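**Student:** I am attaching a structure below and will ask some questions about it afterwards.
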Amino acid sequence: MSEIIEIRLEQLSAAAFAPFGQLICAREDEPPIFEAPHLRSWRQDFEVLGPTELMYIHYRHQPFAFSAFERHFQVSQTFIALGGAPSVMVVAAPTERASVPEPGELRAFYVPGTVGIMLWRGTWHALTRFPATPGGAGFAFLTDAHTQRELEKQRADGTPPRLTQEIDYRERCGVSFEVVDPEGLLAAGSGG
């Protein structure tokens, strides 16, 4: 049996999330790059080193527990909630290729359904977005087509990917993780 490390759920802010990526929302800290009477827009620092792929992903609601983590080397993956469903995103800052985050470096954020998330290239993340409501959550997902094809091939026949690095902390060091919410962010976000 593995040791369970608790990760405290945090309120999302642009400053708190900056080591991991950008929030996709109106920004109070900078003016829009384009403005007209009917709109305001801000540019995101999206990066992709191959063809871009837009996908729809539906994540099922499940306990906020995991042991596997991954990162992608040639895309700043982007998740945009559809339908307003909040979620929990677990991340760790990019590391050198030969390194992985220490278990105490993982962070969990409550992501309102009105905010998108863009991860920097190399940002470590849990394999799910952990929808905060029982119905699950749908996302528009921007990624690199080559990275996606590799992951699909790995799922089909076990071929290890080159553009993604994975770690299972349970296998590597006998620990797994559980997101805890001592501040009641999930209840506050659901109006409960």
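By order in the structure tokens, chains are A, B, ...; within a chain, residues start at 1; ligands start at 1, following the order shown.
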Please run DSSP on the backbone and report, as a list in words, all residues within stretch 3-161 of chain A that come out as helix (DSSP H, G or I).

**Tutor:**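 In stretch 3-161 of chain A, DSSP puts these residues in helix (DSSP H, G or I): Ala14, Ala15, Ala16, Phe17, Pro103, Gly104, Glu105, Ala145, His146, Thr147, Gln148, Arg149, Glu150, Leu151, Glu152, Lys153, Gln154, Arg155, Ala156 and Asp157 of chain A.
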
**Student:** May I have the residues within 12 Å of A:Gly84 as an MDAnalysis selection string, using only C-alpha atoms and disregarding those fewer than 3 positions away in the same chain?

**Tutor:** chainID A and resid 80:81 87 111:116 131:133 135:140 189:190

**Student:** Apply DSSP to the structure's backbone, then extract all residues of stretch 85-147 of chain A labelled strand (DSSP E) and return them as a short mmCIF file (atom, residue, chain, number, x, y, z; two decimals) with all heavy atoms, in the first residue's frame.

**Tutor:**
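Below you can see out.cif, which holds the result:
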```cif
data_model
loop_
_atom_site.label_atom_id
_atom_site.label_comp_id
_atom_site.auth_asym_id
_atom_site.auth_seq_id
_atom_site.Cartn_x
_atom_site.Cartn_y
_atom_site.Cartn_z
N SER A 87 -13.50 22.74 -12.30
CA SER A 87 -12.64 21.56 -12.22
C SER A 87 -11.47 21.83 -11.28
O SER A 87 -11.29 22.95 -10.80
CB SER A 87 -12.12 21.18 -13.61
OG SER A 87 -11.32 22.22 -14.13
N VAL A 88 -10.70 20.79 -11.05
CA VAL A 88 -9.47 20.89 -10.26
C VAL A 88 -8.31 20.51 -11.17
O VAL A 88 -8.35 19.47 -11.83
CB VAL A 88 -9.52 19.97 -9.03
CG1 VAL A 88 -8.18 19.93 -8.32
CG2 VAL A 88 -10.63 20.43 -8.08
N MET A 89 -7.29 21.36 -11.23
CA MET A 89 -6.10 21.12 -12.04
C MET A 89 -4.91 20.96 -11.10
O MET A 89 -4.65 21.82 -10.27
CB MET A 89 -5.87 22.31 -12.97
CG MET A 89 -4.57 22.27 -13.74
SD MET A 89 -4.53 20.98 -14.98
CE MET A 89 -4.94 21.91 -16.42
N VAL A 90 -4.20 19.82 -11.24
CA VAL A 90 -3.02 19.56 -10.42
C VAL A 90 -1.80 19.68 -11.32
O VAL A 90 -1.73 19.04 -12.38
CB VAL A 90 -3.07 18.16 -9.78
CG1 VAL A 90 -1.87 17.95 -8.87
CG2 VAL A 90 -4.37 17.98 -8.98
N VAL A 91 -0.83 20.50 -10.90
CA VAL A 91 0.33 20.82 -11.74
C VAL A 91 1.61 20.87 -10.90
O VAL A 91 1.57 20.95 -9.68
CB VAL A 91 0.14 22.19 -12.43
CG1 VAL A 91 -0.96 22.15 -13.46
CG2 VAL A 91 -0.13 23.30 -11.42
N ALA A 92 2.73 20.87 -11.61
CA ALA A 92 4.05 21.16 -11.03
C ALA A 92 4.84 21.88 -12.11
O ALA A 92 4.63 21.67 -13.31
CB ALA A 92 4.76 19.89 -10.58
N ARG A 107 0.92 21.16 -6.95
CA ARG A 107 -0.08 22.14 -6.50
C ARG A 107 -1.42 21.82 -7.16
O ARG A 107 -1.46 21.37 -8.31
CB ARG A 107 0.34 23.56 -6.90
CG ARG A 107 1.74 23.95 -6.48
CD ARG A 107 1.83 24.89 -5.32
NE ARG A 107 1.06 26.08 -5.37
CZ ARG A 107 1.47 27.28 -5.79
NH1 ARG A 107 2.68 27.43 -6.29
NH2 ARG A 107 0.66 28.32 -5.73
N ALA A 108 -2.50 22.08 -6.46
CA ALA A 108 -3.85 21.85 -6.95
C ALA A 108 -4.63 23.16 -6.92
O ALA A 108 -4.63 23.86 -5.91
CB ALA A 108 -4.56 20.80 -6.10
N PHE A 109 -5.30 23.48 -8.04
CA PHE A 109 -6.05 24.72 -8.16
C PHE A 109 -7.51 24.44 -8.49
O PHE A 109 -7.82 23.59 -9.32
CB PHE A 109 -5.46 25.60 -9.27
CG PHE A 109 -4.11 26.14 -8.95
CD1 PHE A 109 -2.97 25.47 -9.38
CD2 PHE A 109 -3.96 27.30 -8.21
CE1 PHE A 109 -1.70 25.95 -9.10
CE2 PHE A 109 -2.70 27.80 -7.91
CZ PHE A 109 -1.57 27.12 -8.36
N TYR A 110 -8.40 25.20 -7.84
CA TYR A 110 -9.82 25.20 -8.19
C TYR A 110 -9.97 26.11 -9.40
O TYR A 110 -9.63 27.30 -9.34
CB TYR A 110 -10.67 25.70 -7.02
CG TYR A 110 -12.11 25.87 -7.42
CD1 TYR A 110 -12.95 24.77 -7.48
CD2 TYR A 110 -12.62 27.11 -7.75
CE1 TYR A 110 -14.28 24.90 -7.86
CE2 TYR A 110 -13.95 27.26 -8.13
CZ TYR A 110 -14.77 26.15 -8.19
OH TYR A 110 -16.07 26.29 -8.57
N VAL A 111 -10.46 25.56 -10.52
CA VAL A 111 -10.60 26.32 -11.76
C VAL A 111 -12.09 26.55 -12.04
O VAL A 111 -12.81 25.60 -12.36
CB VAL A 111 -9.95 25.58 -12.95
CG1 VAL A 111 -10.06 26.42 -14.22
CG2 VAL A 111 -8.50 25.23 -12.65
N GLY A 116 -10.28 29.46 -18.75
CA GLY A 116 -9.49 28.43 -19.42
C GLY A 116 -8.09 28.40 -18.84
O GLY A 116 -7.65 29.35 -18.18
N ILE A 117 -7.39 27.32 -19.11
CA ILE A 117 -6.03 27.13 -18.60
C ILE A 117 -5.12 26.80 -19.78
O ILE A 117 -5.44 25.93 -20.60
CB ILE A 117 -5.97 25.95 -17.61
CG1 ILE A 117 -6.77 26.25 -16.35
CG2 ILE A 117 -4.54 25.56 -17.28
CD1 ILE A 117 -6.14 27.29 -15.45
N MET A 118 -3.98 27.48 -19.86
CA MET A 118 -2.95 27.12 -20.83
C MET A 118 -1.69 26.78 -20.05
O MET A 118 -1.22 27.58 -19.24
CB MET A 118 -2.66 28.28 -21.78
CG MET A 118 -1.71 27.89 -22.89
SD MET A 118 -1.06 29.32 -23.78
CE MET A 118 0.05 29.97 -22.54
N LEU A 119 -1.17 25.57 -20.26
CA LEU A 119 0.04 25.11 -19.57
C LEU A 119 1.27 25.45 -20.40
O LEU A 119 1.28 25.26 -21.61
CB LEU A 119 -0.01 23.60 -19.37
CG LEU A 119 -1.20 23.05 -18.58
CD1 LEU A 119 -1.16 21.53 -18.57
CD2 LEU A 119 -1.20 23.61 -17.17
N TRP A 124 4.29 19.92 -15.72
CA TRP A 124 3.79 18.62 -15.28
C TRP A 124 2.33 18.77 -14.89
O TRP A 124 1.93 19.80 -14.32
CB TRP A 124 4.59 18.13 -14.08
CG TRP A 124 5.99 17.75 -14.40
CD1 TRP A 124 7.09 18.56 -14.33
CD2 TRP A 124 6.45 16.48 -14.83
NE1 TRP A 124 8.21 17.86 -14.70
CE2 TRP A 124 7.84 16.58 -15.01
CE3 TRP A 124 5.83 15.26 -15.09
CZ2 TRP A 124 8.62 15.51 -15.43
CZ3 TRP A 124 6.60 14.20 -15.50
CH2 TRP A 124 7.99 14.32 -15.67
N HIS A 125 1.52 17.73 -15.16
CA HIS A 125 0.11 17.80 -14.78
C HIS A 125 -0.47 16.40 -14.58
O HIS A 125 0.02 15.42 -15.16
CB HIS A 125 -0.71 18.57 -15.83
CG HIS A 125 -0.64 18.00 -17.21
ND1 HIS A 125 -1.48 16.99 -17.64
CD2 HIS A 125 0.18 18.26 -18.24
CE1 HIS A 125 -1.18 16.68 -18.89
NE2 HIS A 125 -0.17 17.43 -19.28
N ALA A 126 -1.51 16.33 -13.77
CA ALA A 126 -2.24 15.08 -13.60
C ALA A 126 -2.91 14.74 -14.93
O ALA A 126 -3.12 15.62 -15.78
CB ALA A 126 -3.28 15.21 -12.49
N ALA A 137 -17.25 17.07 -16.96
CA ALA A 137 -17.05 18.36 -17.61
C ALA A 137 -16.46 18.17 -18.99
O ALA A 137 -15.60 17.31 -19.20
CB ALA A 137 -16.13 19.24 -16.77
N GLY A 138 -16.92 19.00 -19.93
CA GLY A 138 -16.39 19.01 -21.28
C GLY A 138 -15.44 20.18 -21.47
O GLY A 138 -15.62 21.25 -20.89
N PHE A 139 -14.41 19.93 -22.29
CA PHE A 139 -13.40 20.95 -22.55
C PHE A 139 -13.07 21.00 -24.04
O PHE A 139 -12.99 19.96 -24.69
CB PHE A 139 -12.08 20.62 -21.82
CG PHE A 139 -12.15 20.74 -20.34
CD1 PHE A 139 -12.65 19.71 -19.57
CD2 PHE A 139 -11.72 21.89 -19.70
CE1 PHE A 139 -12.72 19.81 -18.20
CE2 PHE A 139 -11.77 22.00 -18.33
CZ PHE A 139 -12.28 20.95 -17.57
N ALA A 140 -12.84 22.21 -24.55
CA ALA A 140 -12.14 22.36 -25.81
C ALA A 140 -10.66 22.24 -25.46
O ALA A 140 -10.20 22.82 -24.47
CB ALA A 140 -12.43 23.72 -26.43
N PHE A 141 -9.94 21.46 -26.24
CA PHE A 141 -8.56 21.10 -25.92
C PHE A 141 -7.69 21.38 -27.13
O PHE A 141 -7.93 20.85 -28.21
CB PHE A 141 -8.55 19.61 -25.56
CG PHE A 141 -7.20 19.00 -25.36
CD1 PHE A 141 -6.27 19.55 -24.49
CD2 PHE A 141 -6.86 17.83 -26.03
CE1 PHE A 141 -5.04 18.96 -24.29
CE2 PHE A 141 -5.63 17.22 -25.85
CZ PHE A 141 -4.71 17.80 -24.97
N LEU A 142 -6.68 22.25 -26.95
CA LEU A 142 -5.71 22.55 -28.00
C LEU A 142 -4.41 21.84 -27.66
O LEU A 142 -3.89 21.99 -26.56
CB LEU A 142 -5.44 24.05 -28.08
CG LEU A 142 -6.49 24.89 -28.76
CD1 LEU A 142 -6.19 26.37 -28.54
CD2 LEU A 142 -6.55 24.59 -30.24
N THR A 143 -3.88 21.10 -28.63
CA THR A 143 -2.65 20.36 -28.39
C THR A 143 -1.87 20.25 -29.70
O THR A 143 -2.29 20.78 -30.73
CB THR A 143 -2.95 18.96 -27.80
OG1 THR A 143 -1.73 18.36 -27.35
CG2 THR A 143 -3.67 18.06 -28.78
N ASP A 144 -0.77 19.55 -29.65
CA ASP A 144 0.06 19.27 -30.81
C ASP A 144 -0.37 17.93 -31.40
O ASP A 144 -0.48 16.94 -30.67
CB ASP A 144 1.53 19.24 -30.38
CG ASP A 144 2.43 18.62 -31.41
OD1 ASP A 144 2.49 19.15 -32.52
OD2 ASP A 144 3.05 17.58 -31.11
#
```

**Student:** What's the 8 Å shell around stretch 157-170 of chain A, counting only C-alpha atoms, without same-chain residues fewer than 4 positions away, as a list in words?

**Tutor:**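 The filter keeps Ser2, Ser67, Ala68, Phe69, Glu70, Arg71, His72, Phe73, Gln74, Val100, Thr147, Glu150, Leu151, Lys153, Gly174, Val175 and Ser176 of chain A.
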
**Student:** Select, from A:Cys25, A:Ala188, A:Pro19, A:Arg155, the residue with the minimum atom-to-atom distance to A:Thr95, counting only C-alpha atoms.

**Tutor:**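 Result for the nearest residue to A:Thr95: A:Pro19.
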
**Student:** Can you work out which one of A:Phe46, A:Phe130, A:Phe64, A:Phe34 has the shortest atom-to-atom distance to A:Gly21, counting only C-alpha atoms?

**Tutor:**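 Of A:Phe46, A:Phe130, A:Phe64, A:Phe34, the one nearest A:Gly21, counting only C-alpha atoms, is A:Phe46.
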